[in-house]
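Coordinates as given in upload24.txt (compact mmCIF, C-alpha atoms and all ligand atoms):
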```
# COMPACT_ATOMS: atom_id res chain seq x y z
CA MET A 2 97.54 32.97 -125.69
CA ASP A 3 96.46 29.38 -125.22
CA TRP A 4 92.73 28.56 -125.32
CA GLY A 5 92.35 27.74 -121.62
CA MET A 6 94.09 30.91 -120.47
CA GLU A 7 92.08 33.06 -122.90
CA ASN A 8 88.83 31.36 -121.92
CA ARG A 9 89.46 31.86 -118.19
CA LEU A 10 90.35 35.53 -118.66
CA ALA A 11 87.22 36.04 -120.78
CA ARG A 12 85.13 34.61 -117.95
CA ILE A 13 86.44 37.41 -115.74
CA ILE A 14 86.81 40.37 -118.13
CA LYS A 15 83.60 40.34 -120.11
CA PRO A 16 84.33 40.41 -123.87
CA GLU A 17 81.14 42.43 -124.54
CA SER A 18 82.38 45.47 -122.63
CA GLY A 19 86.04 44.66 -122.03
CA HIS A 20 85.30 45.41 -118.38
CA THR A 21 84.63 43.57 -115.14
CA VAL A 22 82.96 43.89 -111.75
CA MET A 23 84.76 41.52 -109.40
CA LEU A 24 83.39 41.12 -105.89
CA ALA A 25 86.12 40.81 -103.24
CA VAL A 26 85.13 38.83 -100.15
CA ASP A 27 88.53 37.42 -99.19
CA HIS A 28 89.17 39.85 -96.33
CA GLY A 29 88.76 37.24 -93.57
CA TYR A 30 92.02 35.56 -94.58
CA PHE A 31 93.89 38.09 -92.46
CA LEU A 32 91.12 40.19 -90.83
CA GLY A 33 88.88 37.43 -89.46
CA PRO A 34 85.14 38.17 -89.28
CA THR A 35 85.22 41.70 -90.70
CA HIS A 36 82.24 44.05 -90.25
CA LYS A 37 79.36 42.94 -92.52
CA LEU A 38 81.30 39.86 -93.63
CA GLU A 39 80.84 38.06 -90.30
CA ASN A 40 78.59 35.52 -91.99
CA PRO A 41 80.00 35.21 -95.51
CA ARG A 42 77.07 33.28 -96.99
CA ARG A 43 74.63 35.97 -95.91
CA THR A 44 76.79 38.70 -97.48
CA ILE A 45 77.62 36.85 -100.67
CA GLU A 46 74.29 35.28 -101.69
CA PRO A 47 72.32 38.40 -102.68
CA LEU A 48 75.30 39.83 -104.58
CA LEU A 49 76.40 36.76 -106.49
CA THR A 50 74.27 37.26 -109.59
CA TYR A 51 75.54 40.82 -110.03
CA ALA A 52 79.25 39.94 -109.80
CA ASP A 53 81.25 38.95 -112.90
CA SER A 54 83.50 36.99 -110.56
CA ILE A 55 83.99 36.53 -106.86
CA MET A 56 87.37 36.63 -105.10
CA LEU A 57 87.64 34.50 -101.98
CA THR A 58 89.55 31.73 -100.19
CA ARG A 59 88.87 28.03 -100.62
CA GLY A 60 87.45 27.82 -97.09
CA ILE A 61 84.76 30.40 -97.72
CA LEU A 62 84.10 29.01 -101.18
CA ARG A 63 83.43 25.50 -99.89
CA SER A 64 81.48 26.59 -96.82
CA SER A 65 79.52 29.54 -98.12
CA VAL A 66 78.94 29.31 -101.88
CA LYS A 67 76.79 26.64 -103.54
CA ALA A 68 78.72 24.47 -106.00
CA THR A 69 75.88 25.06 -108.47
CA ALA A 70 76.72 28.77 -108.66
CA SER A 71 77.85 29.89 -112.11
CA THR A 72 79.83 32.98 -111.03
CA PRO A 73 83.54 32.52 -111.89
CA ILE A 74 85.86 32.07 -108.93
CA VAL A 75 89.07 34.01 -108.36
CA LEU A 76 90.77 32.00 -105.67
CA ARG A 77 92.92 33.81 -103.09
CA VAL A 78 95.97 31.55 -102.69
CA SER A 79 98.28 33.69 -100.54
CA GLY A 80 98.18 34.34 -96.81
CA GLY A 81 99.65 33.07 -93.57
CA THR A 82 99.47 36.37 -91.67
CA SER A 83 96.92 38.14 -89.48
CA ILE A 84 96.08 41.70 -88.56
CA ILE A 85 97.48 41.14 -85.05
CA GLY A 86 100.68 39.43 -86.21
CA LYS A 87 104.15 40.92 -86.71
CA SER A 88 103.82 41.82 -90.39
CA LEU A 89 101.04 41.48 -92.93
CA ALA A 90 103.70 41.31 -95.63
CA ASP A 91 105.10 37.94 -94.54
CA GLU A 92 102.79 35.98 -96.86
CA GLY A 93 103.34 32.66 -98.54
CA ILE A 94 101.31 30.51 -100.91
CA THR A 95 98.50 28.82 -98.98
CA THR A 96 96.70 26.86 -101.68
CA SER A 97 98.06 24.68 -104.46
CA LEU A 98 97.36 25.07 -108.15
CA GLU A 99 95.96 21.53 -108.12
CA GLU A 100 93.38 22.68 -105.54
CA ALA A 101 92.52 25.73 -107.70
CA VAL A 102 91.88 23.43 -110.68
CA ARG A 103 89.82 21.09 -108.47
CA LEU A 104 87.70 24.09 -107.44
CA ASN A 105 87.26 25.12 -111.08
CA ALA A 106 88.85 28.52 -110.44
CA ALA A 107 88.93 31.05 -113.27
CA ALA A 108 92.07 32.65 -111.78
CA VAL A 109 94.25 32.62 -108.70
CA ALA A 110 95.22 35.71 -106.72
CA LEU A 111 98.11 36.52 -104.46
CA SER A 112 99.51 39.66 -102.84
CA ILE A 113 102.95 41.11 -103.40
CA PHE A 114 104.53 43.45 -100.86
CA VAL A 115 106.99 45.60 -102.76
CA GLY A 116 109.26 47.78 -100.61
CA THR A 117 108.94 45.60 -97.50
CA GLU A 118 111.39 43.16 -95.99
CA TYR A 119 109.24 40.43 -97.60
CA GLU A 120 109.46 41.89 -101.11
CA ARG A 121 111.72 39.13 -102.46
CA GLN A 122 109.73 36.34 -100.82
CA THR A 123 106.39 37.54 -102.19
CA LEU A 124 107.79 38.29 -105.65
CA LEU A 125 109.33 34.83 -105.87
CA SER A 126 105.99 33.36 -104.79
CA LEU A 127 104.35 35.28 -107.63
CA SER A 128 106.90 33.94 -110.12
CA LYS A 129 106.44 30.38 -108.91
CA LEU A 130 102.67 30.69 -109.11
CA VAL A 131 102.92 32.08 -112.65
CA ASP A 132 105.14 29.13 -113.68
CA GLU A 133 102.52 26.73 -112.35
CA GLY A 134 99.57 28.75 -113.67
CA GLU A 135 100.94 28.94 -117.19
CA LYS A 136 101.23 25.13 -117.28
CA TYR A 137 97.49 24.79 -116.69
CA GLY A 138 96.15 27.93 -118.39
CA MET A 139 95.35 29.50 -115.02
CA PRO A 140 95.71 33.31 -114.92
CA VAL A 141 97.43 34.84 -111.92
CA LEU A 142 96.10 38.10 -110.51
CA ALA A 143 98.69 39.98 -108.44
CA VAL A 144 97.49 42.33 -105.72
CA THR A 145 99.84 45.27 -105.05
CA ALA A 146 99.31 45.13 -101.31
CA VAL A 147 100.24 47.90 -98.89
CA GLY A 148 99.39 46.17 -95.61
CA LYS A 149 98.58 48.70 -92.92
CA GLU A 150 100.48 51.46 -94.72
CA LEU A 151 97.59 52.96 -96.66
CA GLU A 152 99.57 56.18 -97.26
CA LYS A 153 101.77 54.20 -99.68
CA ARG A 154 98.98 54.37 -102.25
CA ASP A 155 100.50 56.90 -104.66
CA ALA A 156 101.25 56.69 -108.38
CA ARG A 157 104.99 56.22 -107.86
CA PHE A 158 104.61 53.19 -105.59
CA LEU A 159 101.63 51.68 -107.39
CA SER A 160 103.31 52.04 -110.84
CA LEU A 161 106.42 50.32 -109.53
CA SER A 162 104.51 47.52 -107.89
CA SER A 163 102.06 46.99 -110.79
CA ARG A 164 104.82 46.95 -113.37
CA ILE A 165 106.88 44.44 -111.41
CA ALA A 166 103.82 42.20 -111.13
CA ALA A 167 103.32 42.32 -114.91
CA GLU A 168 107.02 41.75 -115.58
CA LEU A 169 106.93 38.60 -113.45
CA GLY A 170 104.00 37.29 -115.46
CA ALA A 171 100.78 38.29 -113.70
CA ARG A 172 97.96 38.24 -116.26
CA MET A 173 96.01 40.86 -114.28
CA VAL A 174 96.92 43.36 -111.56
CA LYS A 175 94.77 44.60 -108.73
CA THR A 176 95.87 47.92 -107.33
CA TYR A 177 94.44 51.10 -105.81
CA TYR A 178 93.13 54.20 -107.46
CA CYS A 179 95.35 57.25 -106.91
CA GLU A 180 96.11 60.69 -108.24
CA ASN A 181 97.75 60.36 -111.69
CA PHE A 182 96.31 56.86 -111.98
CA GLU A 183 96.77 57.01 -115.77
CA LYS A 184 100.52 56.66 -115.15
CA VAL A 185 99.95 53.40 -113.29
CA VAL A 186 97.85 52.10 -116.19
CA ASP A 187 100.29 53.32 -118.83
CA GLY A 188 103.23 51.54 -117.24
CA CYS A 189 101.41 48.24 -116.73
CA PRO A 190 100.94 46.15 -119.88
CA VAL A 191 98.26 43.87 -118.40
CA PRO A 192 94.68 44.75 -117.36
CA ILE A 193 94.28 46.60 -114.07
CA VAL A 194 91.37 46.44 -111.63
CA ILE A 195 91.08 48.60 -108.55
CA ALA A 196 90.27 47.71 -104.96
CA GLY A 197 87.92 50.09 -103.21
CA GLY A 198 89.92 50.22 -99.98
CA PRO A 199 88.28 50.97 -96.63
CA LYS A 200 84.64 52.12 -96.77
CA LEU A 201 84.45 55.70 -98.01
CA ALA A 202 82.19 58.28 -96.35
CA THR A 203 79.38 57.92 -98.90
CA GLU A 204 78.31 55.66 -101.76
CA LEU A 205 78.71 58.66 -104.04
CA ASP A 206 82.44 58.75 -103.19
CA ALA A 207 82.82 55.09 -104.19
CA LEU A 208 80.91 55.68 -107.43
CA GLN A 209 83.15 58.65 -108.19
CA LEU A 210 86.26 56.53 -107.51
CA THR A 211 84.97 53.83 -109.86
CA TYR A 212 84.12 56.33 -112.58
CA GLU A 213 87.54 57.98 -112.46
CA ALA A 214 89.37 54.65 -112.48
CA ILE A 215 87.44 53.48 -115.56
CA GLN A 216 87.97 56.83 -117.32
CA LYS A 217 91.70 56.53 -116.67
CA GLY A 218 92.01 53.00 -118.03
CA ALA A 219 91.14 50.44 -115.35
CA VAL A 220 89.24 47.48 -116.80
CA GLY A 221 87.11 47.34 -113.72
CA VAL A 222 86.93 46.93 -109.99
CA ASP A 223 87.67 44.14 -107.55
CA MET A 224 85.72 45.78 -104.78
CA GLY A 225 84.66 44.63 -101.34
CA ARG A 226 83.91 46.93 -98.43
CA ASN A 227 82.46 49.79 -100.46
CA ILE A 228 79.86 47.33 -101.74
CA TRP A 229 78.97 45.03 -98.85
CA GLN A 230 79.51 47.52 -96.03
CA SER A 231 76.95 49.77 -97.70
CA ASP A 232 73.49 49.63 -96.12
CA HIS A 233 72.27 48.82 -99.63
CA PRO A 234 74.79 46.39 -101.11
CA VAL A 235 72.65 45.19 -104.02
CA ALA A 236 71.82 48.75 -105.08
CA MET A 237 75.52 49.58 -104.77
CA ILE A 238 76.82 46.72 -106.91
CA ARG A 239 74.19 47.51 -109.55
CA ALA A 240 75.25 51.16 -109.62
CA ILE A 241 78.91 50.11 -109.91
CA ARG A 242 77.95 47.81 -112.81
CA ALA A 243 76.27 50.68 -114.60
CA ILE A 244 79.53 52.67 -114.55
CA VAL A 245 81.78 49.75 -115.40
CA HIS A 246 79.71 48.09 -118.12
CA GLU A 247 77.28 50.73 -119.38
CA ASN A 248 79.34 53.92 -119.37
CA ALA A 249 77.01 55.51 -116.82
CA THR A 250 78.04 58.85 -115.35
CA VAL A 251 78.37 59.26 -111.59
CA LYS A 252 75.01 61.07 -111.54
CA GLU A 253 73.28 58.31 -113.53
CA ALA A 254 74.78 55.63 -111.28
CA SER A 255 73.85 57.57 -108.17
CA ASP A 256 70.25 57.99 -109.40
CA LEU A 257 70.14 54.24 -110.07
CA PHE A 258 71.49 53.56 -106.57
CA ASN A 259 68.80 55.78 -105.01
CA ARG A 260 66.02 54.10 -107.03
CA MET A 261 67.31 50.59 -106.30
CA LYS A 262 67.78 51.12 -102.57
CA LYS A 263 64.08 51.87 -102.22
CA GLY A 264 63.28 48.45 -103.66
CA GLU A 265 65.76 46.54 -101.45
C1 LIG B 301 93.16 42.29 -99.59
C2 LIG B 301 92.35 42.25 -100.82
C3 LIG B 301 90.94 42.68 -100.75
O1 LIG B 301 90.20 41.77 -101.47
C4 LIG B 301 90.88 44.04 -101.37
O2 LIG B 301 91.46 44.98 -100.56
C5 LIG B 301 89.55 44.44 -102.01
O3 LIG B 301 88.65 44.82 -101.15
P1 LIG B 301 88.31 46.32 -100.79
O4 LIG B 301 87.57 46.90 -101.96
O5 LIG B 301 87.45 46.13 -99.57
O6 LIG B 301 89.60 47.07 -100.53
O7 LIG B 301 92.84 41.91 -101.87
O8 LIG B 301 94.51 42.28 -99.91
```
Using structure tokens, write down the structure from this file.
Amino acid sequence: MDWGMENRLARIIKPESGHTVMLAVDHGYFLGPTHKLENPRRTIEPLLTYADSIMLTRGILRSSVKATASTPIVLRVSGGTSIIGKSLADEGITTSLEEAVRLNAAAVALSIFVGTEYERQTLLSLSKLVDEGEKYGMPVLAVTAVGKELEKRDARFLSLSSRIAAELGARMVKTYYCENFEKVVDGCPVPIVIAGGPKLATELDALQLTYEAIQKGAVGVDMGRNIWQSDHPVAMIRAIRAIVHENATVKEASDLFNRMKKGE
């Protein structure tokens, strides 16, 4: 692997633990001002020092994150759809590689929509982005998106989608946790991070999800709503970090969360 590519990946996946806590705040690109992300700066600022990287669009980066911040940027470069439009799957590339370099991104991210009528379009976008990314040492993270069809999140679909992403050259894959998750990891030769999905009933559920994903081979999380929709987002990201980087059990992380939330 060339130096620039390796260096960028090491800024995201911490060499000390081989793991990563990525903070996803890109939801507005198709959801608009989502609950608790209405004012991105307010949501992002307290969490920034606890995130190994932050995933967002160029608009929110420029408007809501100080250029002096040292947290690596994973730039969302796909979009073009909205939650009220015809299909969330009809995405294209929205941001050039040149712009990602200008913004000092550590990686670029785009969604693929396997099994939809836009499968070919999004997979060719991934391939094109990888061609460009490899020229500049810029890793591409592929998100195995499911759009509104959350029930698609099973090992069969996620293995298929994750493997295709890796075959087309993604350096990292973001997918969902599922039953038999180890099969998804086994069939995907590049590092996998999991999204949290919609906010779970309790913080304990999200800690459990994180723990199981790490046990079954994920290198970390790229989590949004289960962190910043918590009433105690800083306590939550710190508890997630304990599992991801320090091998904490769910009980240890939950105790940490309860101690931290008192201080918030
Ligand atoms: C949308 C995304 C989101 O960033 C992703 O879903 C992660 O956030 P959450 O943990 O809230 O699901 O990639 O396609």
Original post:
Which one is closest to ligand LIG 301 (chain B): A:Asn248, A:Ser160, A:Ser64, A:Thr82? Count only C-alpha atoms and all ligand atoms.
Top reply: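 Between A:Asn248, A:Ser160, A:Ser64, A:Thr82, the residue approaching ligand LIG 301 (chain B) most closely is A:Thr82.
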Subject >> Nearby polymer residues, ligand LIG 301 (chain B), at most 7 Å, all atoms listed in the file, as an MDAnalysis selection string >> reply: chainID A and resid 25:28 56 112 144 146 196:199 223:227
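Counting all atoms listed in the file and comparing A:Lys217, A:Gly188, A:Arg172, A:Tyr30, the residue that lies closest to A:Ser83 is A:Tyr30.
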Original post:
Using only C-alpha atoms, which residues sit within 6 Å of A:Val109 once same-chain residues fewer than 4 positions away are excluded, as a PyMOL selection string?
Top reply: chain A and resi 75-77+141
Subject >> Separation of atom CA of A:His20 from atom CA of A:Val220 in Å >> reply: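 Spanning atom CA of A:Val220 to atom CA of A:His20 is a straight-line distance of 4.7 Å.
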Padding of 5 Å on every side, edges along x, y and z, all listed atoms of stretch 76-92 of chain A included: what centre and edge lengths in Å, to one decimal, does that box have, as AutoDock Vina command-line options?
```
--center_x 97.9 --center_y 36.7 --center_z -95.4 --size_x 24.3 --size_y 20.3 --size_z 30.6
```
Subject >> Which residue of A:Ser88, A:Glu46, A:Leu208, A:Glu180 approaches A:Glu150 most closely, using only C-alpha atoms >> reply: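 Going through A:Ser88, A:Glu46, A:Leu208, A:Glu180 one by one, the smallest distance to A:Glu150 is for A:Ser88.
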**OP:** Find the distance between atom CA of A:Ser128 and atom CA of A:Ile113 and write it in Å to one decimal.
**Re:** 10.6 Å
Original post:
Quick one: distance from atom CA of A:Met2 to atom CA of A:Thr50 in Å, one decimal?
Top reply: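 Taking atom CA of A:Met2 and atom CA of A:Thr50, their separation equals 28.6 Å.
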Subject >> Which residue of A:Gly170, A:Gly33, A:Gly264, A:Gly116 approaches A:Val147 most closely, using all atoms listed in the file >> reply: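 Selected residue with least distance to A:Val147: A:Gly116.
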**OP:** Identify which of the residues A:Lys67, A:Pro41, A:Asp91, A:Lys175 lies closest to A:Ile193, counting all atoms listed in the file when measuring atom-to-atom distances.
**Re:** A:Lys175
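Excluding A:Arg42 itself and any same-chain residue fewer than 5 positions from it, the protein and nucleic acid residues within 12 Å of it, counting only C-alpha atoms, are Val26, Lys37, Pro47, Leu48, Leu49, Leu57, Gly60, Ile61, Leu62, Arg63, Ser64, Ser65, Val66 and Lys67 of chain A.
The closest residue to A:Ala236, picked from A:Thr123, A:Lys252, A:Thr35, A:Tyr51 and counting all atoms listed in the file, is A:Tyr51.
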Can you patch up stretch 165-200 of chain A, filling it in to N, CA and C atoms, and show the result as a PDB file, in the frame of the given file?
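Result file follows (rebuild_30.pdb):
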```pdb
ATOM      1  N   ILE A 165     106.114  45.629-111.813  1.00  0.00           N
ATOM      2  CA  ILE A 165     106.880  44.440-111.410  1.00  0.00           C
ATOM      3  C   ILE A 165     105.987  43.202-111.498  1.00  0.00           C
ATOM      4  N   ALA A 166     104.749  43.337-111.061  1.00  0.00           N
ATOM      5  CA  ALA A 166     103.820  42.200-111.130  1.00  0.00           C
ATOM      6  C   ALA A 166     103.650  41.731-112.574  1.00  0.00           C
ATOM      7  N   ALA A 167     103.489  42.687-113.488  1.00  0.00           N
ATOM      8  CA  ALA A 167     103.320  42.320-114.910  1.00  0.00           C
ATOM      9  C   ALA A 167     104.605  41.709-115.462  1.00  0.00           C
ATOM     10  N   GLU A 168     105.735  42.277-115.091  1.00  0.00           N
ATOM     11  CA  GLU A 168     107.020  41.750-115.580  1.00  0.00           C
ATOM     12  C   GLU A 168     107.218  40.297-115.150  1.00  0.00           C
ATOM     13  N   LEU A 169     106.738  39.967-113.957  1.00  0.00           N
ATOM     14  CA  LEU A 169     106.930  38.600-113.450  1.00  0.00           C
ATOM     15  C   LEU A 169     105.859  37.640-113.977  1.00  0.00           C
ATOM     16  N   GLY A 170     104.926  38.176-114.761  1.00  0.00           N
ATOM     17  CA  GLY A 170     104.000  37.290-115.460  1.00  0.00           C
ATOM     18  C   GLY A 170     102.554  37.315-115.011  1.00  0.00           C
ATOM     19  N   ALA A 171     102.205  38.214-114.084  1.00  0.00           N
ATOM     20  CA  ALA A 171     100.780  38.290-113.700  1.00  0.00           C
ATOM     21  C   ALA A 171      99.959  38.627-114.941  1.00  0.00           C
ATOM     22  N   ARG A 172      98.824  37.976-115.095  1.00  0.00           N
ATOM     23  CA  ARG A 172      97.960  38.240-116.260  1.00  0.00           C
ATOM     24  C   ARG A 172      97.012  39.403-115.973  1.00  0.00           C
ATOM     25  N   MET A 173      96.827  39.712-114.690  1.00  0.00           N
ATOM     26  CA  MET A 173      96.010  40.860-114.280  1.00  0.00           C
ATOM     27  C   MET A 173      96.627  41.433-113.002  1.00  0.00           C
ATOM     28  N   VAL A 174      96.415  42.727-112.778  1.00  0.00           N
ATOM     29  CA  VAL A 174      96.920  43.360-111.560  1.00  0.00           C
ATOM     30  C   VAL A 174      95.764  44.060-110.861  1.00  0.00           C
ATOM     31  N   LYS A 175      95.740  43.873-109.548  1.00  0.00           N
ATOM     32  CA  LYS A 175      94.770  44.600-108.730  1.00  0.00           C
ATOM     33  C   LYS A 175      95.541  45.620-107.906  1.00  0.00           C
ATOM     34  N   THR A 176      95.158  46.885-108.058  1.00  0.00           N
ATOM     35  CA  THR A 176      95.870  47.920-107.330  1.00  0.00           C
ATOM     36  C   THR A 176      94.856  48.912-106.769  1.00  0.00           C
ATOM     37  N   TYR A 177      95.338  50.070-106.359  1.00  0.00           N
ATOM     38  CA  TYR A 177      94.440  51.100-105.810  1.00  0.00           C
ATOM     39  C   TYR A 177      94.342  52.250-106.789  1.00  0.00           C
ATOM     40  N   TYR A 178      93.240  52.969-106.707  1.00  0.00           N
ATOM     41  CA  TYR A 178      93.130  54.200-107.460  1.00  0.00           C
ATOM     42  C   TYR A 178      93.966  55.265-106.747  1.00  0.00           C
ATOM     43  N   CYS A 179      94.551  56.172-107.515  1.00  0.00           N
ATOM     44  CA  CYS A 179      95.350  57.250-106.910  1.00  0.00           C
ATOM     45  C   CYS A 179      95.382  58.433-107.865  1.00  0.00           C
ATOM     46  N   GLU A 180      95.894  59.541-107.371  1.00  0.00           N
ATOM     47  CA  GLU A 180      96.110  60.690-108.240  1.00  0.00           C
ATOM     48  C   GLU A 180      97.098  60.268-109.333  1.00  0.00           C
ATOM     49  N   ASN A 181      96.916  60.756-110.542  1.00  0.00           N
ATOM     50  CA  ASN A 181      97.750  60.360-111.690  1.00  0.00           C
ATOM     51  C   ASN A 181      97.683  58.854-111.972  1.00  0.00           C
ATOM     52  N   PHE A 182      96.517  58.299-111.780  1.00  0.00           N
ATOM     53  CA  PHE A 182      96.310  56.860-111.980  1.00  0.00           C
ATOM     54  C   PHE A 182      96.665  56.432-113.414  1.00  0.00           C
ATOM     55  N   GLU A 183      96.467  57.354-114.375  1.00  0.00           N
ATOM     56  CA  GLU A 183      96.770  57.010-115.770  1.00  0.00           C
ATOM     57  C   GLU A 183      98.221  56.561-115.935  1.00  0.00           C
ATOM     58  N   LYS A 184      99.104  57.070-115.080  1.00  0.00           N
ATOM     59  CA  LYS A 184     100.520  56.660-115.150  1.00  0.00           C
ATOM     60  C   LYS A 184     100.675  55.198-114.731  1.00  0.00           C
ATOM     61  N   VAL A 185      99.903  54.801-113.742  1.00  0.00           N
ATOM     62  CA  VAL A 185      99.950  53.400-113.290  1.00  0.00           C
ATOM     63  C   VAL A 185      99.493  52.495-114.433  1.00  0.00           C
ATOM     64  N   VAL A 186      98.396  52.901-115.087  1.00  0.00           N
ATOM     65  CA  VAL A 186      97.850  52.100-116.190  1.00  0.00           C
ATOM     66  C   VAL A 186      98.826  52.066-117.360  1.00  0.00           C
ATOM     67  N   ASP A 187      99.390  53.214-117.676  1.00  0.00           N
ATOM     68  CA  ASP A 187     100.290  53.320-118.830  1.00  0.00           C
ATOM     69  C   ASP A 187     101.521  52.420-118.670  1.00  0.00           C
ATOM     70  N   GLY A 188     102.007  52.305-117.456  1.00  0.00           N
ATOM     71  CA  GLY A 188     103.230  51.540-117.240  1.00  0.00           C
ATOM     72  C   GLY A 188     102.985  50.059-116.986  1.00  0.00           C
ATOM     73  N   CYS A 189     101.730  49.643-117.046  1.00  0.00           N
ATOM     74  CA  CYS A 189     101.410  48.240-116.730  1.00  0.00           C
ATOM     75  C   CYS A 189     100.758  47.598-117.950  1.00  0.00           C
ATOM     76  N   PRO A 190     101.462  46.687-118.620  1.00  0.00           N
ATOM     77  CA  PRO A 190     100.940  46.150-119.880  1.00  0.00           C
ATOM     78  C   PRO A 190      99.857  45.082-119.747  1.00  0.00           C
ATOM     79  N   VAL A 191      99.373  44.823-118.554  1.00  0.00           N
ATOM     80  CA  VAL A 191      98.260  43.870-118.400  1.00  0.00           C
ATOM     81  C   VAL A 191      97.083  44.608-117.742  1.00  0.00           C
ATOM     82  N   PRO A 192      95.859  44.049-117.886  1.00  0.00           N
ATOM     83  CA  PRO A 192      94.680  44.750-117.360  1.00  0.00           C
ATOM     84  C   PRO A 192      94.763  45.002-115.850  1.00  0.00           C
ATOM     85  N   ILE A 193      94.270  46.183-115.476  1.00  0.00           N
ATOM     86  CA  ILE A 193      94.280  46.600-114.070  1.00  0.00           C
ATOM     87  C   ILE A 193      92.847  46.722-113.550  1.00  0.00           C
ATOM     88  N   VAL A 194      92.626  46.174-112.360  1.00  0.00           N
ATOM     89  CA  VAL A 194      91.370  46.440-111.630  1.00  0.00           C
ATOM     90  C   VAL A 194      91.732  47.144-110.331  1.00  0.00           C
ATOM     91  N   ILE A 195      90.782  47.902-109.811  1.00  0.00           N
ATOM     92  CA  ILE A 195      91.080  48.600-108.550  1.00  0.00           C
ATOM     93  C   ILE A 195      90.299  48.003-107.382  1.00  0.00           C
ATOM     94  N   ALA A 196      90.955  48.005-106.228  1.00  0.00           N
ATOM     95  CA  ALA A 196      90.270  47.710-104.960  1.00  0.00           C
ATOM     96  C   ALA A 196      89.577  49.011-104.540  1.00  0.00           C
ATOM     97  N   GLY A 197      88.581  48.883-103.694  1.00  0.00           N
ATOM     98  CA  GLY A 197      87.920  50.090-103.210  1.00  0.00           C
ATOM     99  C   GLY A 197      88.625  50.675-101.991  1.00  0.00           C
ATOM    100  N   GLY A 198      89.316  49.780-101.236  1.00  0.00           N
ATOM    101  CA  GLY A 198      89.920  50.220 -99.980  1.00  0.00           C
ATOM    102  C   GLY A 198      88.869  50.301 -98.883  1.00  0.00           C
ATOM    103  N   PRO A 199      89.243  50.853 -97.722  1.00  0.00           N
ATOM    104  CA  PRO A 199      88.280  50.970 -96.630  1.00  0.00           C
ATOM    105  C   PRO A 199      87.040  51.761 -97.061  1.00  0.00           C
ATOM    106  N   LYS A 200      85.928  51.491 -96.392  1.00  0.00           N
ATOM    107  CA  LYS A 200      84.640  52.120 -96.770  1.00  0.00           C
ATOM    108  C   LYS A 200      84.794  53.639 -96.780  1.00  0.00           C
TER     109      LYS A 200
END
```
